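Contents: one structure, followed by commentary.
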Amino acid sequence: METNTLIQTEAWVISLLLFILMLVSCFIGQKIGKYIRNKRPAEEKSAETSSLIALLFFLLAFTFGMSSDRYDSRRKIVVEEANDIGTALLRSDLYPDSTRTAFRKDFRDYVEVRISYYETGANLKGILKADSLSQIISAKLWKRASNLSKDPNHLAATQQMIPALNAMIDVASSRLAGEKAKVPQSILVMLFFLSIITAFYSGYSEGRNGRIDWLVQIGFCLLVSLVVLFTMDLDRPRRGFVNLDVPNQTIIDLRKNFE
């Protein structure tokens with residue numbers, strides 16, 4: 001997983017900084033626009049500003065869509081993992097009691113590790129440790145099932161268990177890969193710069209035209225900052241306002257199978 005400064009910094013801090021920088025840029029643009037207005041006649045309309053605002057809104061919509069799609073994929077895969085674990089757990093009932101007990105013990109450990117995988121939050125070391133423990137336990141389950149497949153008495157049960165274990169192992173890898181898939185940092189950086197530049201030219205245009213409305217400018221900067229905040233929040237499901245607590249409850253509910 002990436003650990004650069006932009007990812008480690010809280011989304012609200014970045015959005016607040018963007019809001020301040022946009023206001024400062026707007027103020028500077030107005031001052032420059034008023035200065036030039038005193039030197040030359042002001043134009044009635046700034047086509048360049050309109051184009052920049054349109055480009056900014058397009059990029060905001062595009063980036064928000066990327067974050068939203070990734071969040072939805074992560075949400076679905078958590079529920080899918082819970083279903084796959086539950087299926088494999090149920091198929092352990094096909095074995096004799098002694099074998100079933102051994103399977104259920106390992107499945108209980110696996111469920112606890114997968115719960116801790118999410119509850120560790122944004123702690124990178126904790127995430128990797130939980131994922132490593134998951135692989136160790138799943139490998140143990142797979143080895144037991146593959147050894148039992150050599151016994152004709154357990155052939156029917158193993159034919160059901162092997163596909164379920166395979167799906168359970170695959171979905172864990174897919175979940176980790178899904179968390180690594182984020183909006184490219186280059187797009188976010190470009191979005192920040194475009195927001196600041198647009199705020200500058202918006203203030204410059206008002207300064208040239210002699211119609212300075214700070215309420216509109218503050219509202220524009222606040223709106224852009226809020227969209228950026230929720231875009232980044234969707235891309236960081238382990239912290240922030242938007243998280244995966246509800247989908248992860250489906251895995252926590254698997255504990256009921258061991259009561």
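The way I read the labels, and the way they are meant: chains A, B, ... in the order of the structure tokens, residue 1 as the first residue of every chain, and ligand 1 as the first ligand shown, with later ones counted on from there.
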
Who sits within 8 Å of stretch 52-61 of chain A, only C-alpha atoms, same chain under 5 positions skipped, as a ChimeraX atom specification: /A:191,194-195,198,227-228

In Å, with one decimal, what is the gap from atom CA of A:Thr101 to atom CA of A:Ala167?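 For atom CA of A:Thr101 relative to atom CA of A:Ala167, the distance reads 21.4 Å.
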
Determine, for each residue of stretch 82-192 of chain A having at least one atom at most 12 Å from an atom of stretch 17-24 of chain A, the closest pair of atoms and their separation in Å to one decimal, counting only C-alpha atoms; order by chain and ascending number, as JSON lines.
{"residue": "A:Leu188", "atom": "CA", "partner": "A:Leu18", "partner_atom": "CA", "distance": 11.6}
{"residue": "A:Val189", "atom": "CA", "partner": "A:Leu18", "partner_atom": "CA", "distance": 11.0}
{"residue": "A:Leu191", "atom": "CA", "partner": "A:Leu18", "partner_atom": "CA", "distance": 10.3}
{"residue": "A:Phe192", "atom": "CA", "partner": "A:Leu18", "partner_atom": "CA", "distance": 7.0}

Store the residues of this selection in a file with N, CA, C and O atoms, as an mmCIF file, in the first residue's frame.
data_model
loop_
_atom_site.group_PDB
_atom_site.id
_atom_site.type_symbol
_atom_site.label_atom_id
_atom_site.label_comp_id
_atom_site.auth_asym_id
_atom_site.auth_seq_id
_atom_site.Cartn_x
_atom_site.Cartn_y
_atom_site.Cartn_z
ATOM 1 N N LEU A 188 -5.563 13.984 -8.456
ATOM 2 C CA LEU A 188 -5.901 14.837 -7.319
ATOM 3 C C LEU A 188 -5.054 16.101 -7.303
ATOM 4 O O LEU A 188 -5.561 17.200 -7.048
ATOM 5 N N VAL A 189 -3.761 15.953 -7.581
ATOM 6 C CA VAL A 189 -2.875 17.128 -7.612
ATOM 7 C C VAL A 189 -3.317 18.092 -8.703
ATOM 8 O O VAL A 189 -3.373 19.313 -8.498
ATOM 9 N N LEU A 191 -6.284 18.388 -9.850
ATOM 10 C CA LEU A 191 -7.555 18.967 -9.388
ATOM 11 C C LEU A 191 -7.310 20.120 -8.420
ATOM 12 O O LEU A 191 -7.969 21.161 -8.501
ATOM 13 N N PHE A 192 -6.348 19.964 -7.531
ATOM 14 C CA PHE A 192 -6.028 21.025 -6.573
ATOM 15 C C PHE A 192 -5.524 22.275 -7.299
ATOM 16 O O PHE A 192 -5.976 23.388 -7.024
#

Could you pull the residues within 9 Å of stretch 236-238 of chain A, counting only C-alpha atoms, minus those fewer than 4 positions along the same chain, as a list of chain:residue names? A:Ile7, A:Ala11, A:Ser67, A:Tyr71, A:Arg74, A:Tyr118, A:Glu119, A:Thr120, A:Gly121, A:Ala122, A:Glu179, A:Lys182, A:Met232, A:Val242, A:Asn243, A:Leu244, A:Asp245

Calculated over only C-alpha atoms, which of the candidates A:Val183, A:Ala145, A:Ile136, A:Ile196 has the smallest distance to A:Ser225? A:Ile196

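In this comparison, which uses only C-alpha atoms, the residue of A:Ser68, A:Ser146, A:Ser50, A:Ser205 approaching A:Asp233 most closely is A:Ser68.
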
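Considering the residues A:Ser132, A:Arg100, A:Ile169, A:Gly126 and counting only C-alpha atoms, A:Leu148 has its shortest atom-to-atom contact with A:Arg100.
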
Name the residues in contact with A:Leu141 at a cut-off of 12 Å, using only C-alpha atoms, excluding same-chain residues fewer than 5 positions from it; report them as a list in words.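 Near A:Leu141, the qualifying residues are Ile85, Ala88, Leu89, Ser92, Thr99, Arg100, Ala102, Phe103, Arg104, Lys105, Asp106, Phe107, Arg108, Asp109, Tyr110, Ser134, Gln135, Ile136, Ser146, Asn147, Leu148, Thr158, Met161, Ile162, Ala164, Leu165, Asn166, Met168 and Ile169 of chain A.
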
Keeping only N, CA and C atoms, write those residues as a PDB file, in the first residue's frame.
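Final file, out.pdb:
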ATOM      1  N   ILE A  85     -17.176 -16.955   3.295  1.00  0.00           N
ATOM      2  CA  ILE A  85     -16.754 -17.588   4.548  1.00  0.00           C
ATOM      3  C   ILE A  85     -17.903 -18.414   5.121  1.00  0.00           C
ATOM      4  N   ALA A  88     -18.302 -21.721   3.173  1.00  0.00           N
ATOM      5  CA  ALA A  88     -17.265 -22.707   3.513  1.00  0.00           C
ATOM      6  C   ALA A  88     -17.502 -23.280   4.909  1.00  0.00           C
ATOM      7  N   LEU A  89     -17.933 -22.421   5.822  1.00  0.00           N
ATOM      8  CA  LEU A  89     -18.202 -22.879   7.185  1.00  0.00           C
ATOM      9  C   LEU A  89     -19.340 -23.901   7.211  1.00  0.00           C
ATOM     10  N   SER A  92     -18.401 -27.404   6.136  1.00  0.00           N
ATOM     11  CA  SER A  92     -17.624 -28.226   7.074  1.00  0.00           C
ATOM     12  C   SER A  92     -18.533 -29.216   7.796  1.00  0.00           C
ATOM     13  N   THR A  99     -13.565 -34.198  12.347  1.00  0.00           N
ATOM     14  CA  THR A  99     -13.037 -33.351  11.286  1.00  0.00           C
ATOM     15  C   THR A  99     -13.777 -32.018  11.261  1.00  0.00           C
ATOM     16  N   ARG A 100     -15.066 -32.081  11.452  1.00  0.00           N
ATOM     17  CA  ARG A 100     -15.884 -30.858  11.479  1.00  0.00           C
ATOM     18  C   ARG A 100     -15.417 -29.924  12.592  1.00  0.00           C
ATOM     19  N   ALA A 102     -12.427 -29.675  13.917  1.00  0.00           N
ATOM     20  CA  ALA A 102     -11.136 -29.083  13.543  1.00  0.00           C
ATOM     21  C   ALA A 102     -11.328 -27.948  12.534  1.00  0.00           C
ATOM     22  N   PHE A 103     -12.205 -28.177  11.570  1.00  0.00           N
ATOM     23  CA  PHE A 103     -12.494 -27.133  10.580  1.00  0.00           C
ATOM     24  C   PHE A 103     -13.087 -25.887  11.256  1.00  0.00           C
ATOM     25  N   ARG A 104     -14.060 -26.121  12.131  1.00  0.00           N
ATOM     26  CA  ARG A 104     -14.745 -24.996  12.758  1.00  0.00           C
ATOM     27  C   ARG A 104     -13.799 -24.185  13.661  1.00  0.00           C
ATOM     28  N   LYS A 105     -12.859 -24.854  14.281  1.00  0.00           N
ATOM     29  CA  LYS A 105     -11.879 -24.134  15.101  1.00  0.00           C
ATOM     30  C   LYS A 105     -11.057 -23.182  14.238  1.00  0.00           C
ATOM     31  N   ASP A 106     -10.609 -23.670  13.090  1.00  0.00           N
ATOM     32  CA  ASP A 106      -9.818 -22.823  12.186  1.00  0.00           C
ATOM     33  C   ASP A 106     -10.675 -21.716  11.577  1.00  0.00           C
ATOM     34  N   PHE A 107     -11.920 -22.044  11.273  1.00  0.00           N
ATOM     35  CA  PHE A 107     -12.812 -21.016  10.722  1.00  0.00           C
ATOM     36  C   PHE A 107     -13.082 -19.921  11.760  1.00  0.00           C
ATOM     37  N   ARG A 108     -13.192 -20.292  13.030  1.00  0.00           N
ATOM     38  CA  ARG A 108     -13.397 -19.290  14.077  1.00  0.00           C
ATOM     39  C   ARG A 108     -12.198 -18.335  14.129  1.00  0.00           C
ATOM     40  N   ASP A 109     -10.996 -18.910  14.058  1.00  0.00           N
ATOM     41  CA  ASP A 109      -9.788 -18.069  14.053  1.00  0.00           C
ATOM     42  C   ASP A 109      -9.742 -17.177  12.816  1.00  0.00           C
ATOM     43  N   TYR A 110     -10.170 -17.743  11.697  1.00  0.00           N
ATOM     44  CA  TYR A 110     -10.136 -16.976  10.448  1.00  0.00           C
ATOM     45  C   TYR A 110     -11.098 -15.796  10.510  1.00  0.00           C
ATOM     46  N   SER A 134      -4.337 -14.178   7.952  1.00  0.00           N
ATOM     47  CA  SER A 134      -5.429 -14.758   7.162  1.00  0.00           C
ATOM     48  C   SER A 134      -4.895 -15.802   6.192  1.00  0.00           C
ATOM     49  N   GLN A 135      -3.781 -15.476   5.548  1.00  0.00           N
ATOM     50  CA  GLN A 135      -3.198 -16.405   4.583  1.00  0.00           C
ATOM     51  C   GLN A 135      -2.699 -17.679   5.259  1.00  0.00           C
ATOM     52  N   ILE A 136      -2.143 -17.534   6.467  1.00  0.00           N
ATOM     53  CA  ILE A 136      -1.641 -18.703   7.199  1.00  0.00           C
ATOM     54  C   ILE A 136      -2.791 -19.643   7.558  1.00  0.00           C
ATOM     55  N   SER A 146      -7.344 -30.599   1.196  1.00  0.00           N
ATOM     56  CA  SER A 146      -6.664 -31.327   0.115  1.00  0.00           C
ATOM     57  C   SER A 146      -6.226 -32.712   0.576  1.00  0.00           C
ATOM     58  N   ASN A 147      -5.812 -32.832   1.849  1.00  0.00           N
ATOM     59  CA  ASN A 147      -5.443 -34.153   2.380  1.00  0.00           C
ATOM     60  C   ASN A 147      -6.667 -35.060   2.487  1.00  0.00           C
ATOM     61  N   LEU A 148      -7.800 -34.473   2.895  1.00  0.00           N
ATOM     62  CA  LEU A 148      -9.032 -35.261   3.011  1.00  0.00           C
ATOM     63  C   LEU A 148      -9.555 -35.702   1.648  1.00  0.00           C
ATOM     64  N   THR A 158     -15.409 -33.160   0.247  1.00  0.00           N
ATOM     65  CA  THR A 158     -14.286 -32.346  -0.210  1.00  0.00           C
ATOM     66  C   THR A 158     -14.589 -31.665  -1.537  1.00  0.00           C
ATOM     67  N   MET A 161     -16.213 -28.653  -0.422  1.00  0.00           N
ATOM     68  CA  MET A 161     -15.404 -27.749   0.382  1.00  0.00           C
ATOM     69  C   MET A 161     -14.333 -27.030  -0.438  1.00  0.00           C
ATOM     70  N   ILE A 162     -13.685 -27.720  -1.356  1.00  0.00           N
ATOM     71  CA  ILE A 162     -12.569 -27.128  -2.116  1.00  0.00           C
ATOM     72  C   ILE A 162     -12.996 -25.858  -2.868  1.00  0.00           C
ATOM     73  N   ALA A 164     -15.443 -23.860  -2.205  1.00  0.00           N
ATOM     74  CA  ALA A 164     -15.808 -22.827  -1.228  1.00  0.00           C
ATOM     75  C   ALA A 164     -14.562 -22.182  -0.630  1.00  0.00           C
ATOM     76  N   LEU A 165     -13.564 -22.991  -0.315  1.00  0.00           N
ATOM     77  CA  LEU A 165     -12.304 -22.452   0.209  1.00  0.00           C
ATOM     78  C   LEU A 165     -11.587 -21.614  -0.833  1.00  0.00           C
ATOM     79  N   ASN A 166     -11.634 -22.072  -2.063  1.00  0.00           N
ATOM     80  CA  ASN A 166     -10.987 -21.329  -3.147  1.00  0.00           C
ATOM     81  C   ASN A 166     -11.603 -19.940  -3.298  1.00  0.00           C
ATOM     82  N   MET A 168     -13.204 -18.287  -0.955  1.00  0.00           N
ATOM     83  CA  MET A 168     -12.894 -17.540   0.263  1.00  0.00           C
ATOM     84  C   MET A 168     -11.492 -16.938   0.200  1.00  0.00           C
ATOM     85  N   ILE A 169     -10.547 -17.694  -0.295  1.00  0.00           N
ATOM     86  CA  ILE A 169      -9.160 -17.218  -0.401  1.00  0.00           C
ATOM     87  C   ILE A 169      -9.043 -16.137  -1.475  1.00  0.00           C
TER      88      ILE A 169
END
